[in-house]
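The file run_38.txt comes next; it holds compact mmCIF, C-alpha atoms and all ligand atoms.
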```txt
# COMPACT_ATOMS: atom_id res chain seq x y z
CA MET A 1 -9.47 -38.44 19.44
CA THR A 2 -6.32 -39.92 21.00
CA LYS A 3 -3.05 -38.24 20.11
CA ARG A 4 -0.28 -40.52 18.91
CA ARG A 5 2.87 -39.83 20.89
CA LEU A 6 6.19 -40.12 19.07
CA SER A 7 8.91 -42.12 20.77
CA GLY A 8 12.33 -40.58 21.42
CA ARG A 9 13.77 -42.71 18.59
CA GLN A 10 11.12 -41.55 16.14
CA ILE A 11 11.77 -37.90 17.03
CA GLU A 12 15.52 -38.44 16.58
CA ARG A 13 14.90 -40.04 13.22
CA ILE A 14 12.71 -37.12 12.06
CA GLN A 15 15.41 -34.68 13.21
CA THR A 16 18.07 -36.60 11.29
CA ILE A 17 15.96 -36.49 8.14
CA GLN A 18 15.38 -32.74 8.61
CA ASP A 19 19.12 -32.14 9.22
CA ARG A 20 20.03 -34.06 6.06
CA ARG A 21 17.45 -32.12 4.06
CA ARG A 22 18.90 -28.83 5.37
CA GLN A 23 22.45 -29.93 4.52
CA ARG A 24 21.43 -30.93 0.99
CA LEU A 25 19.74 -27.56 0.50
CA ALA A 26 22.78 -25.68 1.87
CA SER A 27 25.10 -27.49 -0.51
CA ARG A 28 22.75 -26.82 -3.46
CA ILE A 29 22.91 -23.12 -2.56
CA ASP A 30 26.73 -23.18 -2.20
CA ILE A 31 27.10 -24.88 -5.57
CA ALA A 32 24.72 -22.39 -7.18
CA LEU A 33 26.66 -19.45 -5.72
CA SER A 34 30.03 -20.90 -6.71
CA GLU A 35 28.82 -21.20 -10.30
CA ILE A 36 28.25 -17.46 -10.63
CA GLU A 37 30.77 -16.23 -13.16
CA GLY A 38 32.73 -13.08 -12.49
CA GLU A 39 31.73 -10.56 -9.85
CA PRO A 40 28.23 -11.48 -8.57
CA LEU A 41 25.78 -8.69 -9.21
CA PRO A 42 23.48 -8.05 -6.26
CA LEU A 43 19.92 -7.41 -7.41
CA GLU A 44 16.87 -6.23 -5.52
CA GLY A 45 13.50 -7.84 -5.69
CA ARG A 46 10.33 -8.77 -3.89
CA VAL A 47 9.25 -12.23 -2.77
CA VAL A 48 5.89 -12.88 -4.40
CA VAL A 49 5.36 -16.39 -3.10
CA ARG A 50 7.21 -18.89 -0.97
CA HIS A 51 6.81 -22.66 -0.91
CA GLY A 52 9.14 -24.07 1.73
CA ALA A 53 12.67 -23.20 0.65
CA ASN A 54 11.54 -22.13 -2.83
CA LEU A 55 10.85 -18.49 -3.55
CA ALA A 56 9.48 -16.62 -6.53
CA VAL A 57 11.26 -13.27 -6.63
CA GLU A 58 10.06 -10.41 -8.81
CA ASP A 59 12.70 -7.95 -10.00
CA VAL A 60 12.22 -4.26 -10.78
CA GLU A 61 11.28 -5.08 -14.38
CA GLY A 62 8.52 -7.40 -13.20
CA ASP A 63 10.34 -10.58 -14.25
CA ILE A 64 10.03 -13.52 -11.90
CA THR A 65 12.89 -15.83 -10.93
CA HIS A 66 12.91 -19.04 -8.94
CA CYS A 67 15.28 -18.52 -6.01
CA LEU A 68 16.52 -20.46 -3.06
CA SER A 69 17.38 -18.66 0.11
CA ARG A 70 20.70 -18.67 1.94
CA GLN A 71 20.08 -20.46 5.19
CA ASN A 72 21.57 -18.03 7.69
CA ILE A 73 19.50 -15.00 6.69
CA GLY A 74 16.18 -15.87 8.37
CA HIS A 75 12.98 -16.86 6.60
CA PRO A 76 11.82 -14.63 3.76
CA VAL A 77 8.04 -14.32 3.44
CA CYS A 78 5.69 -13.01 0.78
CA GLY A 79 6.19 -9.25 0.37
CA ASP A 80 9.77 -9.24 1.63
CA ARG A 81 12.23 -7.01 -0.18
CA VAL A 82 15.36 -9.04 -0.74
CA VAL A 83 18.85 -8.91 -2.22
CA TRP A 84 19.49 -11.78 -4.61
CA GLN A 85 22.01 -13.00 -7.18
CA ARG A 86 21.42 -14.70 -10.45
CA THR A 87 22.87 -18.23 -10.73
CA ALA A 88 23.05 -20.76 -13.54
CA ASN A 89 19.84 -22.09 -15.16
CA HIS A 90 18.10 -18.73 -14.79
CA GLN A 91 17.69 -19.25 -11.09
CA GLY A 92 18.80 -17.20 -8.13
CA VAL A 93 19.88 -17.17 -4.51
CA VAL A 94 18.51 -14.73 -1.98
CA THR A 95 21.40 -13.44 0.12
CA ALA A 96 19.68 -10.92 2.40
CA ILE A 97 16.25 -9.80 3.56
CA LEU A 98 15.95 -6.01 3.61
CA PRO A 99 14.48 -4.47 6.78
CA ARG A 100 10.70 -5.00 6.99
CA HIS A 101 8.53 -1.92 7.38
CA THR A 102 5.56 -3.96 8.59
CA VAL A 103 4.96 -7.63 9.34
CA LEU A 104 1.71 -9.58 9.40
CA SER A 105 2.10 -12.49 11.81
CA ARG A 106 -0.12 -15.13 13.22
CA PRO A 107 0.53 -17.27 16.27
CA ASP A 108 1.73 -20.80 15.46
CA PHE A 109 0.66 -23.88 17.41
CA GLY A 110 3.15 -23.05 20.14
CA GLY A 111 1.73 -19.51 20.42
CA ARG A 112 4.80 -17.87 18.89
CA ASP A 113 4.25 -15.19 16.25
CA LYS A 114 5.08 -16.48 12.80
CA PRO A 115 5.45 -13.96 9.96
CA LEU A 116 3.01 -14.55 7.13
CA ALA A 117 3.63 -11.49 4.94
CA ALA A 118 5.80 -8.37 5.03
CA ASN A 119 5.69 -4.73 3.98
CA LEU A 120 1.93 -4.31 3.86
CA THR A 121 0.65 -0.77 3.85
CA ARG A 122 -3.17 -1.19 3.76
CA LEU A 123 -5.61 -3.48 5.51
CA VAL A 124 -9.09 -3.53 4.00
CA ILE A 125 -11.76 -4.68 6.46
CA LEU A 126 -14.76 -5.96 4.56
CA ILE A 127 -18.21 -5.90 6.12
CA ALA A 128 -21.68 -6.37 4.64
CA PRO A 129 -25.28 -6.03 5.80
CA ARG A 130 -25.35 -9.83 5.71
CA PRO A 131 -23.74 -11.68 7.45
CA GLU A 132 -24.51 -9.43 10.41
CA PRO A 133 -21.37 -7.34 11.06
CA SER A 134 -19.53 -7.61 14.36
CA ASP A 135 -18.09 -4.33 15.60
CA TYR A 136 -15.96 -6.37 18.00
CA LEU A 137 -14.30 -8.08 15.03
CA ILE A 138 -13.88 -4.74 13.23
CA ASP A 139 -12.17 -3.32 16.31
CA GLN A 140 -9.89 -6.35 16.55
CA TYR A 141 -8.77 -5.78 12.98
CA LEU A 142 -8.30 -2.06 13.62
CA VAL A 143 -6.12 -2.78 16.65
CA ALA A 144 -4.08 -5.23 14.56
CA ALA A 145 -3.63 -2.58 11.86
CA GLU A 146 -2.56 0.05 14.41
CA ALA A 147 -0.15 -2.41 16.06
CA MET A 148 1.42 -3.21 12.67
CA GLY A 149 1.55 0.40 11.55
CA VAL A 150 -0.68 -0.30 8.56
CA GLU A 151 -3.49 2.00 7.47
CA ALA A 152 -6.95 0.44 7.74
CA ILE A 153 -9.95 1.02 5.48
CA ILE A 154 -13.47 -0.22 6.14
CA LEU A 155 -15.37 -1.29 3.04
CA ALA A 156 -19.07 -2.06 3.39
CA ASN A 157 -19.99 -4.37 0.50
CA LYS A 158 -23.38 -5.70 -0.70
CA MET A 159 -25.04 -2.32 -0.17
CA ASP A 160 -27.48 -3.35 -2.95
CA LEU A 161 -29.17 -5.59 -0.36
CA LEU A 162 -30.55 -2.56 1.50
CA ASP A 163 -33.40 -0.24 0.61
CA THR A 164 -32.97 3.49 1.14
CA ASP A 165 -34.07 3.57 4.79
CA ASP A 166 -32.08 0.55 5.86
CA ARG A 167 -29.08 1.86 3.98
CA ALA A 168 -29.21 5.16 5.90
CA ALA A 169 -29.49 3.28 9.22
CA PHE A 170 -26.57 0.99 8.27
CA GLN A 171 -24.40 3.93 7.27
CA GLU A 172 -25.28 5.74 10.49
CA ARG A 173 -24.32 2.67 12.53
CA PHE A 174 -20.74 2.72 11.24
CA ALA A 175 -20.30 6.46 10.66
CA TYR A 176 -18.31 6.79 13.90
CA TYR A 177 -15.32 5.06 12.28
CA ALA A 178 -15.06 7.84 9.71
CA THR A 179 -15.09 10.46 12.49
CA ILE A 180 -11.98 8.87 14.01
CA GLY A 181 -10.21 8.92 10.67
CA TYR A 182 -10.76 5.51 9.07
CA PRO A 183 -11.85 5.73 5.43
CA LEU A 184 -15.34 4.21 5.29
CA LEU A 185 -16.46 3.17 1.82
CA TRP A 186 -19.76 1.84 0.47
CA ALA A 187 -19.82 -0.62 -2.41
CA SER A 188 -21.69 -3.35 -4.19
CA LEU A 189 -20.01 -5.85 -6.44
CA ARG A 190 -23.23 -5.86 -8.45
CA THR A 191 -22.23 -2.37 -9.62
CA PRO A 192 -18.45 -2.37 -10.11
CA GLU A 193 -18.35 1.45 -10.47
CA THR A 194 -18.81 1.56 -6.69
CA LEU A 195 -15.26 0.20 -6.33
CA VAL A 196 -13.65 3.37 -7.69
CA ALA A 197 -12.99 4.86 -4.23
CA LEU A 198 -11.43 1.59 -3.03
CA ILE A 199 -9.22 1.35 -6.12
CA ASP A 200 -7.99 4.88 -5.39
CA HIS A 201 -7.05 3.87 -1.86
CA LEU A 202 -5.16 0.78 -3.08
CA ARG A 203 -3.13 2.57 -5.76
CA GLY A 204 0.59 2.23 -5.12
CA GLN A 205 -0.03 0.29 -1.88
CA THR A 206 0.46 -3.30 -0.76
CA SER A 207 -2.88 -4.39 0.64
CA ILE A 208 -4.70 -7.32 2.18
CA LEU A 209 -8.42 -8.04 2.54
CA VAL A 210 -9.92 -9.44 5.71
CA GLY A 211 -13.42 -10.02 7.00
CA GLN A 212 -15.85 -12.65 8.17
CA SER A 213 -17.07 -15.46 5.98
CA GLY A 214 -19.57 -14.48 3.29
CA VAL A 215 -18.90 -10.73 3.13
CA GLY A 216 -17.60 -11.03 -0.42
CA LYS A 217 -13.81 -11.38 -0.15
CA SER A 218 -13.47 -13.91 -2.98
CA SER A 219 -15.82 -11.88 -5.15
CA LEU A 220 -13.84 -8.71 -4.47
CA VAL A 221 -10.51 -10.41 -5.26
CA LYS A 222 -12.02 -11.54 -8.57
CA ALA A 223 -13.14 -8.00 -9.31
CA LEU A 224 -9.76 -6.47 -8.42
CA LEU A 225 -7.69 -9.17 -10.14
CA PRO A 226 -9.42 -10.23 -13.32
CA ASP A 227 -6.09 -11.75 -14.42
CA ARG A 228 -5.43 -13.67 -11.19
CA GLU A 229 -5.30 -17.05 -12.95
CA ILE A 230 -2.84 -15.67 -15.50
CA GLN A 231 -0.64 -14.32 -12.71
CA ILE A 232 -0.73 -17.69 -10.94
CA GLY A 233 0.19 -19.40 -14.20
CA ARG A 234 3.15 -17.04 -14.67
CA LEU A 235 4.37 -17.71 -11.15
CA SER A 236 4.15 -21.46 -11.41
CA LYS A 237 5.86 -21.41 -14.81
CA ALA A 238 8.70 -19.22 -13.54
CA THR A 239 9.30 -21.32 -10.47
CA GLY A 240 8.38 -24.71 -11.92
CA LEU A 241 6.56 -25.33 -8.67
CA GLY A 242 3.07 -26.12 -9.87
CA ARG A 243 -0.08 -24.23 -9.04
CA HIS A 244 -0.13 -24.19 -5.24
CA THR A 245 -2.90 -21.66 -5.30
CA THR A 246 -4.80 -22.60 -2.23
CA SER A 247 -2.40 -22.22 0.65
CA ALA A 248 0.56 -19.88 0.24
CA ALA A 249 0.37 -16.12 0.68
CA THR A 250 0.82 -14.66 -2.80
CA CYS A 251 1.55 -11.12 -3.86
CA TYR A 252 -0.58 -10.24 -6.92
CA ARG A 253 -0.14 -7.14 -9.02
CA LEU A 254 -3.12 -4.85 -9.21
CA ALA A 255 -3.91 -3.51 -12.66
CA ASP A 256 -3.80 0.03 -11.39
CA ASP A 257 -0.35 0.03 -9.69
CA GLY A 258 -0.07 -1.66 -6.34
CA ALA A 259 -0.20 -5.16 -4.96
CA LEU A 260 -2.65 -7.39 -3.17
CA ILE A 261 -1.33 -10.10 -0.86
CA ASP A 262 -3.86 -12.87 -0.55
CA SER A 263 -4.27 -16.41 0.81
CA PRO A 264 -6.81 -18.12 3.07
CA GLY A 265 -4.40 -17.63 5.99
CA VAL A 266 -4.05 -13.91 5.27
CA ARG A 267 -7.83 -13.43 4.92
CA SER A 268 -8.52 -15.04 8.27
CA PHE A 269 -5.52 -13.87 10.27
CA ARG A 270 -5.95 -12.94 13.92
CA THR A 271 -3.39 -11.35 16.20
CA GLY A 272 -2.22 -13.12 19.31
CA PRO A 273 -2.57 -11.48 22.74
CA LEU A 274 -1.27 -7.91 22.71
CA GLU A 275 0.35 -5.92 25.49
CA ARG A 276 -2.06 -3.64 27.35
CA ASP A 277 -0.28 -0.54 26.02
CA VAL A 278 -0.42 -1.75 22.42
CA LEU A 279 -4.11 -2.48 22.86
CA GLN A 280 -4.76 0.94 24.35
CA GLN A 281 -2.85 2.67 21.54
CA GLY A 282 -4.79 0.50 19.08
CA PHE A 283 -7.98 2.42 19.93
CA ARG A 284 -6.74 5.63 18.42
CA GLU A 285 -9.37 7.98 19.89
CA LEU A 286 -8.42 6.89 23.45
CA ARG A 287 -4.86 8.14 23.04
CA PRO A 288 -5.41 11.79 24.02
CA TYR A 289 -6.94 10.68 27.34
CA ILE A 290 -4.36 8.09 28.33
CA GLY A 291 -2.43 9.23 31.39
CA HIS A 292 -5.22 11.57 32.48
CA CYS A 293 -7.15 9.14 34.70
CA ARG A 294 -6.77 9.41 38.48
CA PHE A 295 -5.05 6.02 38.66
CA ALA A 296 -2.03 5.29 36.49
CA ASP A 297 -3.19 1.70 35.97
CA CYS A 298 -6.86 2.67 35.41
CA ARG A 299 -8.77 -0.04 33.52
CA HIS A 300 -11.40 2.54 32.52
CA ASP A 301 -13.97 0.35 34.21
CA GLN A 302 -15.52 1.50 37.51
CA GLU A 303 -12.66 3.68 38.72
CA PRO A 304 -13.43 7.24 39.85
CA ASP A 305 -12.11 10.17 37.80
CA CYS A 306 -11.55 8.10 34.68
CA ALA A 307 -10.72 10.47 31.80
CA ILE A 308 -11.98 7.96 29.23
CA HIS A 309 -15.34 7.44 30.97
CA HIS A 310 -15.67 11.17 31.17
CA ALA A 311 -15.04 11.46 27.41
CA VAL A 312 -17.67 8.76 26.77
CA SER A 313 -20.23 10.64 28.87
CA GLU A 314 -19.43 13.82 26.92
CA GLY A 315 -20.16 11.96 23.69
CA LEU A 316 -16.53 12.18 22.53
CA ILE A 317 -15.90 8.42 22.49
CA ASP A 318 -18.39 5.80 21.28
CA PRO A 319 -19.35 3.54 24.21
CA ARG A 320 -19.22 0.48 21.90
CA ARG A 321 -15.53 1.12 21.37
CA LEU A 322 -14.82 1.35 25.09
CA ALA A 323 -16.79 -1.88 25.66
CA ASN A 324 -14.76 -3.61 22.93
CA PHE A 325 -11.51 -2.31 24.38
CA LYS A 326 -12.42 -3.76 27.79
CA HIS A 327 -13.50 -7.04 26.25
CA LEU A 328 -10.23 -7.34 24.32
CA LEU A 329 -8.21 -6.43 27.41
CA ALA A 330 -9.98 -9.14 29.40
CA GLU A 331 -9.43 -11.71 26.63
CA THR A 332 -5.77 -10.79 26.36
CA GLU A 333 -5.27 -11.10 30.11
CA GLN A 334 -7.05 -14.44 30.13
CA ALA A 335 -4.85 -15.74 27.32
CA ARG A 336 -1.76 -14.80 29.32
CA THR A 337 -2.75 -16.69 32.45
N1 LIG B 401 -26.04 -9.01 -3.36
C1 LIG B 401 -24.71 -9.08 -3.34
N2 LIG B 401 -24.10 -10.27 -3.16
C2 LIG B 401 -22.75 -10.29 -3.14
C3 LIG B 401 -21.97 -9.12 -3.30
N3 LIG B 401 -20.68 -9.46 -3.22
C4 LIG B 401 -20.65 -10.80 -3.02
N4 LIG B 401 -21.90 -11.30 -3.00
C5 LIG B 401 -22.31 -12.70 -2.78
O1 LIG B 401 -22.04 -13.06 -1.43
C6 LIG B 401 -21.72 -14.45 -1.33
C7 LIG B 401 -20.42 -14.62 -0.57
O2 LIG B 401 -19.36 -14.03 -1.31
P1 LIG B 401 -17.87 -14.55 -1.25
O3 LIG B 401 -17.09 -13.70 -2.18
O4 LIG B 401 -17.81 -16.01 -1.43
O5 LIG B 401 -17.54 -14.22 0.27
P2 LIG B 401 -16.21 -14.53 1.09
O6 LIG B 401 -16.03 -13.41 2.03
O7 LIG B 401 -15.09 -14.83 0.16
O8 LIG B 401 -16.64 -15.82 1.89
P3 LIG B 401 -15.69 -16.96 2.52
O9 LIG B 401 -15.00 -17.64 1.37
O10 LIG B 401 -16.66 -17.85 3.24
O11 LIG B 401 -14.75 -16.28 3.46
C8 LIG B 401 -21.64 -14.95 -2.77
O12 LIG B 401 -22.83 -15.60 -3.05
C9 LIG B 401 -21.51 -13.67 -3.60
O13 LIG B 401 -22.05 -13.81 -4.88
C10 LIG B 401 -22.65 -7.88 -3.49
O14 LIG B 401 -22.07 -6.80 -3.60
N5 LIG B 401 -24.02 -7.92 -3.49
ZN ZN B 402 -9.52 5.47 33.11
```

Any chance you could give the structure as structure tokens?
Amino acid sequence: MTKRRLSGRQIERIQTIQDRRRQRLASRIDIALSEIEGEPLPLEGRVVVRHGANLAVEDVEGDITHCLSRQNIGHPVCGDRVVWQRTANHQGVVTAILPRHTVLSRPDFGGRDKPLAANLTRLVILIAPRPEPSDYLIDQYLVAAEAMGVEAIILANKMDLLDTDDRAAFQERFAYYATIGYPLLWASLRTPETLVALIDHLRGQTSILVGQSGVGKSSLVKALLPDREIQIGRLSKATGLGRHTTSAATCYRLADDGALIDSPGVRSFRTGPLERDVLQQGFRELRPYIGHCRFADCRHDQEPDCAIHHAVSEGLIDPRRLANFKHLLAETEQART
């Protein structure tokens, strides 16, 4: 496919259009703010969905207001806690983004990290007997969770597909994750009672679901959010923005206290290349050994007196994890060159 190159004049024209659009938006916001009668009352809320400059902000009572965002405050994303003010026509203006505790980003086309959602506290990694799980992918998600400061849970779904022997072997294969402190849960959407442990872990949290295609993410979202369509309807009614259900990250309320942020982009997010230190810290069971190898820059490969190799040979670290660490390190270094 040949790429169409834009001429300098075309680029200038696009920039002019974008500048005009920004100016129009800024003046709409100024007018809205100037129409506030009396002392403006700052309110707090959470961004539940964003479409371009339009935000749906949920207040403490759970009411949703269509807001625009002041232009000099950065770009609010789904999950952001914000300060906002009510304007005429039951709308609002977001005047500040409160500090983010965590940020989920994905690299944009230029390789820069672009925030997708904020203030997550749980990352649920879904696996299933079929499609065949990839422990490399699991470890990538775990590193991403550690780097963000979000707690990860591994949920094995579709356990109904396995007979007793296969089930024991499957559980044994992943048991190591529980020994290093990740909650490891077994479920089948064919028997919804098996979701009780997961629901407990999600209570009061802001969570996302990730996992490879076919593990049951859509089915799980349906099970956790039986009123998803109603929530989408409420959002589009409040904002007057139509039902853009397919693309934007949306923060849904879980029945049992808590929130689930979901969108195709969130489900399939991947981190960009991480610093070596971040990667190393992302394999939590390696941490006690870091700094104890003979060489300060040990790659835990063939070097003599490697504390991590020693721990593997003692059975203290799973060799699959070390292999995945090395693989990720190599990929990261390749991406940087
Ligand atoms: N046997 C069994 N099948 C399940 C279970 N959960 C989901 N499925 C089936 O697995 C298939 C894939 O489920 P989806 O929910 O579409 O999976 P997904 O992860 O959203 O897939 P993508 O949209 O491709 O990312 C569907 O046919 C589901 O009915 C389960 O617990 N047991
Ligand atoms: Zn080493």

Checklist line | Surrounding residues of Glu151 in chain A excluding itself and chain neighbours under 2 positions, 7 Å, only C-alpha atoms, as a list in words | finding: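 Neighbouring residues, sequence-local ones excluded: Thr121, Arg122, Leu123, Ala145, Gly149 and Ile153 of chain A.
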
Checklist line | Expected answer as a PyMOL selection string: residues within 6 Å of ligand LIG 401 (chain B), only C-alpha atoms and all ligand atoms | finding: chain A and resi 157-158+160-161+188-190+213-219

Check: In terms of the shortest atom-to-atom distance over all atoms listed in the file, which of A:Cys78, A:Leu55, A:Val312, A:Ala175 is closest to ligand ZN 402 (chain B)?
Finding: A:Val312

Next item on the list: Using CA of Ile308 in chain A and CA of Tyr289 in chain A as the two end points, give the distance in Å to one decimal.
Entry: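 These atoms are spaced 6.0 Å apart.
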
Notebook entry, point to check: Nearest to ligand ZN 402 (chain B): which of A:Asp166, A:Asp297, A:Asp19, A:Asp80 is it, counting only C-alpha atoms and all ligand atoms?
Noted result: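 The closest residue to ligand ZN 402 (chain B) is A:Asp297.
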
Taking all atoms listed in the file into account, which residues are within 7 Å of ligand ZN 402 (chain B), as a PDB file with C-alpha atoms, in the coordinates of the input?
```pdb
ATOM      1  CA  CYS A 293      -7.150   9.140  34.700  1.00  0.00           C
ATOM      2  CA  CYS A 298      -6.860   2.670  35.410  1.00  0.00           C
ATOM      3  CA  ARG A 299      -8.770  -0.040  33.520  1.00  0.00           C
ATOM      4  CA  HIS A 300     -11.400   2.540  32.520  1.00  0.00           C
ATOM      5  CA  ASP A 301     -13.970   0.350  34.210  1.00  0.00           C
ATOM      6  CA  GLU A 303     -12.660   3.680  38.720  1.00  0.00           C
ATOM      7  CA  CYS A 306     -11.550   8.100  34.680  1.00  0.00           C
ATOM      8  CA  ALA A 307     -10.720  10.470  31.800  1.00  0.00           C
ATOM      9  CA  ILE A 308     -11.980   7.960  29.230  1.00  0.00           C
ATOM     10  CA  HIS A 309     -15.340   7.440  30.970  1.00  0.00           C
TER      11      HIS A 309
END
```

Notebook entry, point to check: Of the candidates A:Val93, A:Leu235, A:Ala187, A:Val77, which one gets nearest to Ala26 in chain A if we count all atoms listed in the file?
Noted result: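 Nearest candidate to Ala26 in chain A out of A:Val93, A:Leu235, A:Ala187, A:Val77: A:Val93.
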
Item checked: Shortest interatomic distance to Ile64 in chain A - which of A:Arg320, A:Arg130, A:Lys237, A:Arg173, counting only C-alpha atoms ->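 Smallest separation from Ile64 in chain A among the options: A:Lys237.
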
Check: Leaving out Glu146 in chain A and any residue of its chain fewer than 2 positions from it, which residues lie within 9 Å of it when counting all atoms listed in the file, given as a ChimeraX atom specification?
Finding: /A:141-144,148-152,278-279,281-284

Check: Between CA of Ser247 in chain A and CA of Val47 in chain A, what is the distance, to one decimal in Å?
Finding: 15.7 Å

Check: Can you tell me how far CA of Ser207 in chain A sits from CA of Leu260 in chain A, in Å to one decimal?
Finding: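 Computed distance, CA of Ser207 in chain A to CA of Leu260 in chain A, equals 4.9 Å.
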
Item checked: Proximity to Gly265 in chain A - best of A:Asp108, A:Glu193, A:Glu172, A:Asp163, only C-alpha atoms ->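 Counting only C-alpha atoms, the residue closest to Gly265 in chain A is A:Asp108.
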
Notebook entry, point to check: Looking at A:Leu220, A:Leu6, A:Ile154, A:Ala147, which one is nearest to Gly272 in chain A, with distances taken over all atoms listed in the file?
Noted result: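 Of the candidates, the smallest distance to Gly272 in chain A is held by A:Ala147.
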
Check: What would the list of residues within 12 Å of (4.2, -14.4, -1.1) (file frame) look like as a PyMOL selection string, if all atoms listed in the file are what count?
Finding: chain A and resi 46-52+54-58+75-81+104+115-120+206+208+232+235+244-245+247-253+259-263+265-266

Margin query: If we draw a sphere of 6 Å around (-9.2, -13.6, 6.4), which residues have at least one atom in it when counting all atoms listed in the file? Please report them as a PyMOL selection string.
Written below: chain A and resi 210-211+266-269

Might I get the box with edges along x, y and z of the file that holds all atoms of range 270-282 of chain A listed there, padded by 5 Å on every side, given as centre and edge lengths in Å to one decimal, as AutoDock Vina command-line options?
```
--center_x -2.8 --center_y -5.2 --center_z 20.6 --size_x 16.3 --size_y 25.8 --size_z 23.4
```

10 Å contact set for Gln71 in chain A, all atoms listed in the file, chain neighbours under 6 positions out, as an mmCIF file with C-alpha atoms, in the frame of the given file:
```cif
data_model
loop_
_atom_site.group_PDB
_atom_site.id
_atom_site.type_symbol
_atom_site.label_atom_id
_atom_site.label_comp_id
_atom_site.auth_asym_id
_atom_site.auth_seq_id
_atom_site.Cartn_x
_atom_site.Cartn_y
_atom_site.Cartn_z
ATOM 1 C CA ARG A 22 18.900 -28.830 5.370
ATOM 2 C CA GLN A 23 22.450 -29.930 4.520
ATOM 3 C CA LEU A 25 19.740 -27.560 0.500
ATOM 4 C CA ALA A 26 22.780 -25.680 1.870
ATOM 5 C CA ILE A 29 22.910 -23.120 -2.560
ATOM 6 C CA ALA A 53 12.670 -23.200 0.650
ATOM 7 C CA VAL A 94 18.510 -14.730 -1.980
ATOM 8 C CA THR A 95 21.400 -13.440 0.120
ATOM 9 C CA ALA A 96 19.680 -10.920 2.400
#
```
